[in-house]
>>> print(open('target02.tsv').read())   # TSV, C-alpha atoms
chain	number	residue	atom	x	y	z
D	1	MET	CA	45.00	22.65	53.13
D	2	THR	CA	45.68	19.00	52.49
D	3	GLY	CA	43.88	16.05	51.01
D	4	VAL	CA	42.08	17.73	48.11
D	5	LEU	CA	39.82	15.10	46.56
D	6	GLY	CA	37.96	16.95	43.83
D	7	LEU	CA	37.16	20.22	42.25
D	8	ARG	CA	33.99	21.66	40.74
D	9	THR	CA	33.24	25.11	39.35
D	10	ARG	CA	29.82	26.59	38.74
D	11	GLU	CA	29.33	28.09	35.30
D	12	LEU	CA	27.26	31.24	35.07
D	13	PRO	CA	24.08	31.07	32.95
D	14	HIS	CA	24.41	32.22	29.36
D	15	THR	CA	22.74	35.55	30.13
D	16	GLN	CA	25.41	36.31	32.73
D	17	ARG	CA	28.50	35.43	30.74
D	18	LEU	CA	29.13	38.98	29.57
D	19	ALA	CA	29.47	40.11	33.16
D	20	LYS	CA	31.53	37.12	34.20
D	21	SER	CA	34.86	38.86	33.63
D	22	LYS	CA	34.06	41.35	36.40
D	23	ARG	CA	32.77	38.81	38.90
D	24	ALA	CA	34.41	36.34	41.21
D	25	THR	CA	33.97	32.71	40.23
D	26	PRO	CA	33.00	30.35	43.07
D	27	ILE	CA	34.89	27.05	43.15
D	28	ALA	CA	33.87	24.25	45.50
D	29	PHE	CA	36.37	21.60	46.54
D	30	SER	CA	36.73	18.92	49.18
D	31	SER	CA	39.58	18.84	51.67
D	32	SER	CA	40.46	17.71	55.17
D	33	GLY	CA	41.49	21.31	55.86
D	34	PRO	CA	44.35	22.56	58.00
D	35	ASP	CA	45.47	20.52	61.00
D	36	ALA	CA	43.77	21.33	64.30
D	37	LYS	CA	45.90	22.98	66.99
D	38	ALA	CA	45.89	19.82	69.13
D	39	ALA	CA	47.25	17.81	66.20
D	40	LYS	CA	49.97	20.38	65.56
D	41	ASP	CA	50.97	20.41	69.24
D	42	ARG	CA	51.17	16.61	69.31
D	43	LYS	CA	53.29	16.56	66.17
D	44	ASP	CA	55.68	19.15	67.60
D	45	ARG	CA	56.04	17.19	70.84
D	46	TYR	CA	56.06	13.56	69.71
D	47	GLY	CA	56.69	13.64	65.97
D	48	GLU	CA	54.34	12.68	63.18
D	49	PHE	CA	52.23	9.54	63.63
D	50	ASP	CA	48.62	8.40	63.19
D	51	ILE	CA	46.44	6.14	65.32
D	52	ILE	CA	44.76	3.68	62.97
D	53	GLY	CA	41.02	3.66	63.51
D	54	GLY	CA	41.23	6.68	65.76
D	55	ASP	CA	42.83	9.65	64.02
D	56	TYR	CA	40.32	10.60	61.37
D	57	LYS	CA	40.66	13.73	59.28
D	58	MET	CA	37.17	14.36	57.95
D	59	ASN	CA	36.90	15.69	54.43
D	60	HIS	CA	34.56	18.65	54.06
D	61	LEU	CA	33.27	20.98	51.39
D	62	TRP	CA	35.00	24.32	50.97
D	63	LEU	CA	34.34	27.33	48.79
D	64	VAL	CA	36.78	29.84	47.37
D	65	SER	CA	35.73	32.87	45.28
D	66	VAL	CA	38.33	33.44	42.59
D	67	PRO	CA	38.49	37.06	41.39
D	68	ALA	CA	38.54	37.85	37.68
D	69	GLU	CA	42.11	39.10	38.08
D	70	ILE	CA	44.34	37.01	40.34
D	71	PRO	CA	46.32	39.29	42.68
D	72	THR	CA	50.10	39.01	42.46
D	73	ASP	CA	50.46	39.48	46.21
D	74	SER	CA	49.85	36.11	47.90
D	75	LYS	CA	48.54	37.92	50.97
D	76	GLN	CA	45.62	39.18	48.90
D	77	LEU	CA	44.55	35.77	47.63
D	78	PRO	CA	40.98	34.79	48.59
D	79	LYS	CA	40.57	32.66	51.72
D	80	PRO	CA	38.62	29.39	51.45
D	81	GLU	CA	35.39	29.16	53.43
D	82	ALA	CA	34.27	25.89	55.04
D	83	LEU	CA	30.78	24.91	53.85
D	84	THR	CA	30.50	21.82	56.07
D	85	LYS	CA	32.10	21.14	59.43
D	86	GLY	CA	32.24	18.67	62.31
D	87	ASP	CA	32.94	14.98	62.78
D	88	GLN	CA	29.56	13.59	61.72
D	89	PHE	CA	30.57	12.68	58.17
D	90	SER	CA	33.41	12.77	55.63
D	91	VAL	CA	32.59	14.17	52.18
D	92	GLY	CA	33.18	12.19	48.99
D	93	GLY	CA	31.84	13.15	45.56
D	94	PHE	CA	29.69	16.22	44.95
D	95	SER	CA	28.07	18.33	42.23
D	96	TRP	CA	26.56	21.80	41.88
D	97	ALA	CA	22.86	22.24	41.16
D	98	PRO	CA	22.28	23.90	37.76
D	99	ASP	CA	21.21	27.16	39.43
D	100	GLY	CA	24.26	27.17	41.74
D	101	LYS	CA	22.09	27.43	44.88
D	102	ARG	CA	22.68	23.90	46.16
D	103	ILE	CA	25.38	21.26	46.23
D	104	ALA	CA	24.58	17.56	46.38
D	105	PHE	CA	27.27	15.39	47.94
D	106	SER	CA	27.89	11.92	49.28
D	107	ALA	CA	29.54	11.28	52.63
D	108	THR	CA	30.58	8.36	54.81
D	109	ARG	CA	30.63	8.09	58.60
D	110	ASP	CA	34.41	8.61	58.47
D	111	PRO	CA	37.16	8.22	55.84
D	112	ASP	CA	38.01	4.67	56.94
D	113	LEU	CA	37.95	2.12	54.10
D	114	GLY	CA	35.69	-0.07	56.23
D	115	SER	CA	33.04	2.65	56.36
D	116	GLN	CA	32.17	2.56	52.65
D	117	ASP	CA	28.81	0.96	53.37
D	118	THR	CA	27.73	4.07	55.33
D	119	GLU	CA	27.92	6.39	52.30
D	120	GLN	CA	24.71	8.41	51.85
D	121	LEU	CA	23.53	11.49	49.96
D	122	TYR	CA	23.13	15.00	51.33
D	123	VAL	CA	22.11	18.40	49.96
D	124	LEU	CA	23.72	21.66	51.05
D	125	ASP	CA	21.76	24.91	50.69
D	126	MET	CA	24.24	27.64	49.77
D	127	ALA	CA	22.06	30.41	51.22
D	128	ASP	CA	22.20	29.29	54.86
D	129	LYS	CA	24.70	26.38	54.70
D	130	HIS	CA	21.99	24.02	55.95
D	131	VAL	CA	22.72	20.35	55.26
D	132	ARG	CA	19.97	17.77	55.01
D	133	LYS	CA	20.20	14.05	54.42
D	134	LEU	CA	18.52	13.21	51.14
D	135	LEU	CA	17.55	9.60	51.78
D	136	GLU	CA	18.01	6.68	54.15
D	137	ALA	CA	18.00	4.01	51.45
D	138	GLY	CA	20.39	1.08	51.67
D	139	GLY	CA	23.79	2.05	50.33
D	140	PRO	CA	26.41	2.82	49.68
D	141	ASN	CA	24.97	5.69	47.64
D	142	SER	CA	27.47	7.89	45.82
D	143	ARG	CA	28.38	10.12	42.83
D	144	PRO	CA	25.35	12.46	42.78
D	145	LYS	CA	24.54	14.22	39.50
D	146	TRP	CA	21.76	16.80	39.12
D	147	SER	CA	19.13	16.65	36.40
D	148	PRO	CA	19.26	19.62	33.99
D	149	ASP	CA	16.13	21.12	35.60
D	150	GLY	CA	17.48	20.71	39.15
D	151	LYS	CA	14.48	18.67	40.30
D	152	GLU	CA	16.11	15.24	40.59
D	153	ILE	CA	19.47	13.72	41.43
D	154	ALA	CA	20.95	10.62	39.82
D	155	PHE	CA	23.37	8.55	41.86
D	156	VAL	CA	25.16	5.21	42.04
D	157	THR	CA	23.77	2.72	44.53
D	158	ALA	CA	24.49	-0.78	45.80
D	159	GLY	CA	20.96	-1.00	47.19
D	160	GLY	CA	22.07	-2.21	50.59
D	161	GLU	CA	23.67	-5.40	49.27
D	162	PRO	CA	25.79	-6.91	52.08
D	163	PHE	CA	28.54	-7.90	49.64
D	164	PHE	CA	28.32	-4.73	47.55
D	165	TYR	CA	32.08	-4.58	46.98
D	166	TYR	CA	31.92	-7.28	44.31
D	167	THR	CA	28.37	-6.85	42.98
D	168	ASN	CA	27.23	-4.54	40.19
D	169	ASN	CA	26.46	-0.93	41.01
D	170	ARG	CA	23.15	0.44	39.74
D	171	ILE	CA	22.05	3.91	38.77
D	172	ALA	CA	19.06	5.38	40.59
D	173	VAL	CA	17.20	8.70	40.63
D	174	VAL	CA	15.63	10.48	43.58
D	175	SER	CA	13.72	13.75	43.93
D	176	ALA	CA	15.85	16.63	45.18
D	177	GLU	CA	13.11	17.38	47.72
D	178	VAL	CA	11.48	14.18	48.98
D	179	GLY	CA	10.52	10.74	47.75
D	180	PRO	CA	11.83	7.18	47.35
D	181	PRO	CA	14.59	6.43	44.82
D	182	ARG	CA	13.92	4.72	41.49
D	183	ILE	CA	16.38	2.11	40.21
D	184	LEU	CA	16.98	2.66	36.48
D	185	THR	CA	19.57	0.03	35.54
D	186	GLY	CA	18.22	-3.01	37.38
D	187	ALA	CA	18.09	-4.98	34.11
D	188	PHE	CA	21.58	-3.90	32.99
D	189	ASP	CA	23.91	-6.78	33.81
D	190	GLU	CA	27.13	-4.79	34.22
D	191	HIS	CA	28.75	-2.43	36.71
D	192	ALA	CA	27.30	1.01	35.81
D	193	SER	CA	29.56	4.00	36.52
D	194	LEU	CA	27.61	7.28	36.43
D	195	ILE	CA	29.24	10.09	34.43
D	196	ASP	CA	26.76	12.92	33.86
D	197	TRP	CA	23.13	13.92	33.28
D	198	GLY	CA	22.53	15.85	30.08
D	199	PRO	CA	19.43	17.22	28.33
D	200	ASP	CA	19.02	13.98	26.37
D	201	GLY	CA	19.61	11.48	29.17
D	202	ILE	CA	21.94	10.08	31.80
D	203	TYR	CA	25.41	9.05	30.64
D	204	PHE	CA	27.33	6.22	32.26
D	205	ALA	CA	30.25	3.90	31.50
D	206	ALA	CA	30.51	0.14	31.83
D	207	PHE	CA	32.70	-2.76	30.80
D	208	GLN	CA	31.35	-5.42	28.43
D	209	LYS	CA	33.65	-8.43	28.26
D	210	THR	CA	37.03	-6.92	27.28
D	211	GLY	CA	35.50	-3.72	25.90
D	212	ALA	CA	34.55	-0.55	27.77
D	213	HIS	CA	31.84	1.79	26.57
D	214	VAL	CA	29.81	4.92	27.19
D	215	PHE	CA	26.03	4.55	27.35
D	216	ARG	CA	23.04	6.88	27.42
D	217	LEU	CA	20.07	6.08	29.66
D	218	ASP	CA	16.55	7.47	29.25
D	219	PRO	CA	15.37	8.11	32.84
D	220	ALA	CA	11.70	8.01	31.78
D	221	THR	CA	11.68	4.70	29.88
D	222	LYS	CA	14.90	3.11	31.28
D	223	ALA	CA	15.98	2.46	27.68
D	224	ILE	CA	19.77	2.21	27.28
D	225	ARG	CA	21.74	3.02	24.12
D	226	ARG	CA	25.43	2.29	23.72
D	227	ILE	CA	27.28	5.31	22.32
D	228	SER	CA	30.78	3.97	21.58
D	229	SER	CA	31.67	1.19	19.15
D	230	PRO	CA	32.75	-1.36	17.93
D	231	ASP	CA	32.28	-4.09	20.55
D	232	GLN	CA	35.98	-4.32	21.42
D	233	PHE	CA	36.50	-0.56	21.71
D	234	HIS	CA	37.83	0.63	25.08
D	235	LEU	CA	36.43	3.96	26.36
D	236	PRO	CA	36.01	3.76	30.17
D	237	ASP	CA	35.09	7.42	30.78
D	238	ALA	CA	34.20	10.66	29.01
D	239	SER	CA	33.44	14.33	29.47
D	240	PHE	CA	30.88	16.36	27.56
D	241	THR	CA	30.19	19.76	26.11
D	242	LYS	CA	27.43	21.67	27.89
D	243	ASP	CA	24.81	20.59	25.33
D	244	HIS	CA	26.12	16.98	25.41
D	245	ARG	CA	26.33	16.82	21.63
D	246	MET	CA	30.08	16.22	21.77
D	247	MET	CA	32.23	14.17	24.12
D	248	ALA	CA	35.93	13.70	24.79
D	249	GLY	CA	37.78	10.77	26.31
D	250	VAL	CA	40.82	8.52	26.21
D	251	GLY	CA	39.98	5.46	24.14
D	252	ALA	CA	41.42	2.78	21.91
D	253	ALA	CA	40.35	0.28	19.27
D	254	PRO	CA	41.84	-3.24	19.47
D	255	ASN	CA	45.61	-3.34	18.86
D	256	HIS	CA	45.95	0.42	19.23
D	257	PHE	CA	47.30	2.61	21.99
D	258	ALA	CA	44.81	4.70	23.94
D	259	GLU	CA	44.59	8.24	22.54
D	260	VAL	CA	42.71	11.41	23.44
D	261	LEU	CA	39.65	11.62	21.20
D	262	VAL	CA	36.53	13.65	20.54
D	263	SER	CA	33.30	12.47	18.96
D	264	SER	CA	29.69	13.35	18.43
D	265	THR	CA	27.40	11.59	20.92
D	266	GLY	CA	24.83	11.03	18.17
D	267	ASP	CA	27.16	9.18	15.79
D	268	PHE	CA	30.34	7.78	17.31
D	269	THR	CA	33.12	8.73	14.88
D	270	PRO	CA	36.20	9.36	17.03
D	271	LYS	CA	38.69	12.01	15.94
D	272	TYR	CA	42.05	11.40	17.59
D	273	LEU	CA	43.88	14.41	19.01
D	274	THR	CA	47.04	12.55	20.07
D	275	ASP	CA	49.30	10.00	18.39
D	276	LEU	CA	51.07	8.08	21.13
D	277	ALA	CA	51.56	5.13	18.78
D	278	SER	CA	54.02	7.12	16.66
D	279	GLN	CA	56.58	6.80	19.46
D	280	TYR	CA	56.71	3.04	18.95
D	281	LYS	CA	56.93	2.75	15.17
D	282	ALA	CA	60.46	1.36	15.41
D	283	PHE	CA	59.36	-1.50	17.66
D	284	GLN	CA	57.70	-4.81	16.87
D	285	LEU	CA	54.57	-4.85	18.98
D	286	GLY	CA	52.36	-7.67	20.17
D	287	THR	CA	48.68	-7.94	19.31
D	288	ARG	CA	45.60	-9.16	21.11
>>> encode(input="target02.tsv", output="structure tokens")
Amino acid sequence: MTGVLGLRTRELPHTQRLAKSKRATPIAFSSSGPDAKAAKDRKDRYGEFDIIGGDYKMNHLWLVSVPAEIPTDSKQLPKPEALTKGDQFSVGGFSWAPDGKRIAFSATRDPDLGSQDTEQLYVLDMADKHVRKLLEAGGPNSRPKWSPDGKEIAFVTAGGEPFFYYTNNRIAVVSAEVGPPRILTGAFDEHASLIDWGPDGIYFAAFQKTGAHVFRLDPATKAIRRISSPDQFHLPDASFTKDHRMMAGVGAAPNHFAEVLVSSTGDFTPKYLTDLASQYKAFQLGTR
């Protein structure tokens, strides 16, 4: 398979972890899949070429069940299963529901760069592989993230702005079943990049002047708290422990190289795990 865009695994609940070693672990990923026979025949006859605006390889969701013990014989490796098919949409970002029974994903009309404004949200039911469109709101709508209880989905939206490609994205929330979306960062005057939804709020990243920070958003009150500091710190993304009490990222204070760090989300006190700067001790470096 070619064109892998992303990878997500579903963790088993705490009560099932003891049995995890004996079970297969499902991994979802997005890919354009193997070439169709017609495409292979054309390549064999005429060589490799693409028709711009005509030859689209749609990205779809796939599932592979990884056994607890990986077989040494490649012929015994698990075969990926296509979860979505057809030429109606091309899958972008996606995330598992907390219970592992659904996958929320975004998709555009086709993978063409000019089709970004068609990106909308969908939900796939793992039981019967049924796909339903979540909303028809003005987009593009992307980067879905489930609430911890699986009842809502946070996402990034441009709200149908005609010139969305240079305006600020906003974070919104919509019911996983039915209902209009709620804009949560309408008063936040920066480009909000959704990261995750934890038990204590929605986490996102944004630039502020020459700094970049991680923020926590209360979906009930819309209150926003900046996690990282000081003002000129640069932390454009992060990942979190399951309880969201700790985070990791690649960040830097002014006049320092970016390093891998970990910190509590309650009190930002970064502990650096790398020391890239040590490689340049013999050099005279500029400052900003």
>>> residues_around(input="target02.tsv", residues="Phe204 of chain D", least_positions_apart="4", cutoff="12 Å", atoms="only C-alpha atoms", output="PyMOL selection string")
chain D and resi 143+145+154-156+169-172+184-185+188+190-198+212-218+224-228+235-240
>>> closest_residue(input="target02.tsv", among="D:His60, D:Lys242, D:Lys79, D:Arg109", to="Gly93 of chain D", atoms="all atoms listed in the file")
D:His60
>>> closest_residue(input="target02.tsv", among="D:Pro34, D:Gly114, D:Pro67, D:Gly139", to="Ile52 of chain D", atoms="all atoms listed in the file")
D:Gly114
>>> closest_residue(input="target02.tsv", among="D:Thr84, D:Lys281, D:Gln116, D:Ser142", to="Pro162 of chain D", atoms="all atoms listed in the file")
D:Gln116
>>> atom_distance(input="target02.tsv", atom1="atom CA of Thr210 of chain D", atom2="atom CA of Pro140 of chain D")
26.6 Å
>>> closest_residue(input="target02.tsv", among="D:Phe49, D:Phe283, D:Tyr165, D:Phe257", to="Ser115 of chain D", atoms="all atoms listed in the file")
D:Tyr165
>>> atom_distance(input="target02.tsv", atom1="atom CA of Gly211 of chain D", atom2="atom CA of Pro199 of chain D")
26.5 Å
>>> closest_residue(input="target02.tsv", among="D:Lys43, D:Lys75, D:Lys151, D:Lys133", to="Asp99 of chain D", atoms="only C-alpha atoms")
D:Lys151
>>> decode(input="target02.tsv", residues="segment 49-152 of chain D", atoms="C-alpha atoms", output="short mmCIF file (atom, residue, chain, number, x, y, z; two decimals), in the first residue's frame")
data_model
loop_
_atom_site.label_atom_id
_atom_site.label_comp_id
_atom_site.auth_asym_id
_atom_site.auth_seq_id
_atom_site.Cartn_x
_atom_site.Cartn_y
_atom_site.Cartn_z
CA PHE D 49 2.40 9.17 -15.64
CA ASP D 50 -0.50 11.02 -13.99
CA ILE D 51 -3.26 13.16 -15.47
CA ILE D 52 -3.47 16.31 -13.37
CA GLY D 53 -7.02 16.90 -12.21
CA GLY D 54 -8.10 13.50 -13.45
CA ASP D 55 -6.08 10.71 -11.86
CA TYR D 56 -7.12 10.79 -8.24
CA LYS D 57 -6.07 8.14 -5.76
CA MET D 58 -8.57 8.43 -2.94
CA ASN D 59 -7.26 7.91 0.56
CA HIS D 60 -9.36 5.57 2.68
CA LEU D 61 -9.41 4.11 6.15
CA TRP D 62 -7.92 0.66 6.64
CA LEU D 63 -7.70 -1.68 9.60
CA VAL D 64 -5.07 -4.25 10.42
CA SER D 65 -5.23 -6.55 13.47
CA VAL D 66 -1.72 -7.04 14.81
CA PRO D 67 -1.27 -10.31 16.73
CA ALA D 68 0.45 -10.32 20.11
CA GLU D 69 3.32 -12.26 18.55
CA ILE D 70 4.37 -11.12 15.08
CA PRO D 71 4.88 -14.14 12.81
CA THR D 72 8.33 -14.52 11.28
CA ASP D 73 6.87 -15.79 8.02
CA SER D 74 5.78 -12.79 5.94
CA LYS D 75 3.06 -14.90 4.34
CA GLN D 76 1.36 -15.17 7.72
CA LEU D 77 1.25 -11.44 8.38
CA PRO D 78 -2.27 -10.03 8.85
CA LYS D 79 -3.95 -8.54 5.77
CA PRO D 80 -5.31 -4.99 5.99
CA GLU D 81 -9.07 -4.57 5.63
CA ALA D 82 -10.58 -1.54 3.87
CA LEU D 83 -13.03 0.28 6.15
CA THR D 84 -14.10 2.85 3.55
CA LYS D 85 -14.21 2.54 -0.22
CA GLY D 86 -15.25 4.31 -3.41
CA ASP D 87 -14.60 7.64 -5.09
CA GLN D 88 -16.98 9.81 -3.07
CA PHE D 89 -14.37 11.21 -0.69
CA SER D 90 -10.70 11.12 0.28
CA VAL D 91 -9.91 10.62 3.98
CA GLY D 92 -7.76 13.06 5.94
CA GLY D 93 -7.41 13.07 9.74
CA PHE D 94 -9.23 10.64 12.00
CA SER D 95 -9.55 9.45 15.60
CA TRP D 96 -10.96 6.46 17.48
CA ALA D 97 -13.91 6.86 19.82
CA PRO D 98 -12.96 6.05 23.44
CA ASP D 99 -14.90 2.77 23.32
CA GLY D 100 -13.30 1.74 20.01
CA LYS D 101 -16.69 1.25 18.32
CA ARG D 102 -16.53 4.28 16.03
CA ILE D 103 -13.99 6.32 14.10
CA ALA D 104 -14.50 10.00 13.34
CA PHE D 105 -12.70 11.27 10.26
CA SER D 106 -12.54 14.23 7.92
CA ALA D 107 -12.61 13.87 4.15
CA THR D 108 -12.50 16.04 1.05
CA ARG D 109 -14.20 15.53 -2.31
CA ASP D 110 -10.85 14.37 -3.70
CA PRO D 111 -7.17 14.77 -2.72
CA ASP D 112 -6.68 17.81 -4.98
CA LEU D 113 -5.24 20.84 -3.18
CA GLY D 114 -8.07 22.94 -4.61
CA SER D 115 -10.66 20.78 -2.85
CA GLN D 116 -9.68 21.78 0.69
CA ASP D 117 -12.87 23.78 1.12
CA THR D 118 -14.96 20.59 0.71
CA GLU D 119 -13.54 18.93 3.86
CA GLN D 120 -16.29 17.67 6.17
CA LEU D 121 -16.67 15.31 9.12
CA TYR D 122 -17.91 11.72 9.04
CA VAL D 123 -18.41 8.92 11.56
CA LEU D 124 -17.73 5.26 10.77
CA ASP D 125 -19.51 2.57 12.80
CA MET D 126 -17.09 -0.33 13.22
CA ALA D 127 -19.88 -2.89 13.65
CA ASP D 128 -21.38 -2.57 10.16
CA LYS D 129 -18.89 -0.20 8.45
CA HIS D 130 -21.71 2.32 7.92
CA VAL D 131 -20.48 5.86 7.23
CA ARG D 132 -22.61 8.90 7.97
CA LYS D 133 -21.88 12.55 7.40
CA LEU D 134 -21.77 14.33 10.73
CA LEU D 135 -22.66 17.85 9.65
CA GLU D 136 -23.16 20.10 6.64
CA ALA D 137 -21.72 23.22 8.27
CA GLY D 138 -19.52 25.55 6.27
CA GLY D 139 -15.96 24.26 6.20
CA PRO D 140 -13.40 23.18 5.82
CA ASN D 141 -13.92 21.09 8.96
CA SER D 142 -11.02 18.88 10.02
CA ARG D 143 -8.98 17.17 12.79
CA PRO D 144 -11.79 15.48 14.76
CA LYS D 145 -11.10 14.61 18.41
CA TRP D 146 -13.55 12.70 20.62
CA SER D 147 -14.59 13.88 24.07
CA PRO D 148 -13.57 11.49 26.87
CA ASP D 149 -17.18 10.29 27.23
CA GLY D 150 -17.61 9.72 23.49
CA LYS D 151 -20.65 12.00 23.26
CA GLU D 152 -19.11 14.94 21.40
#
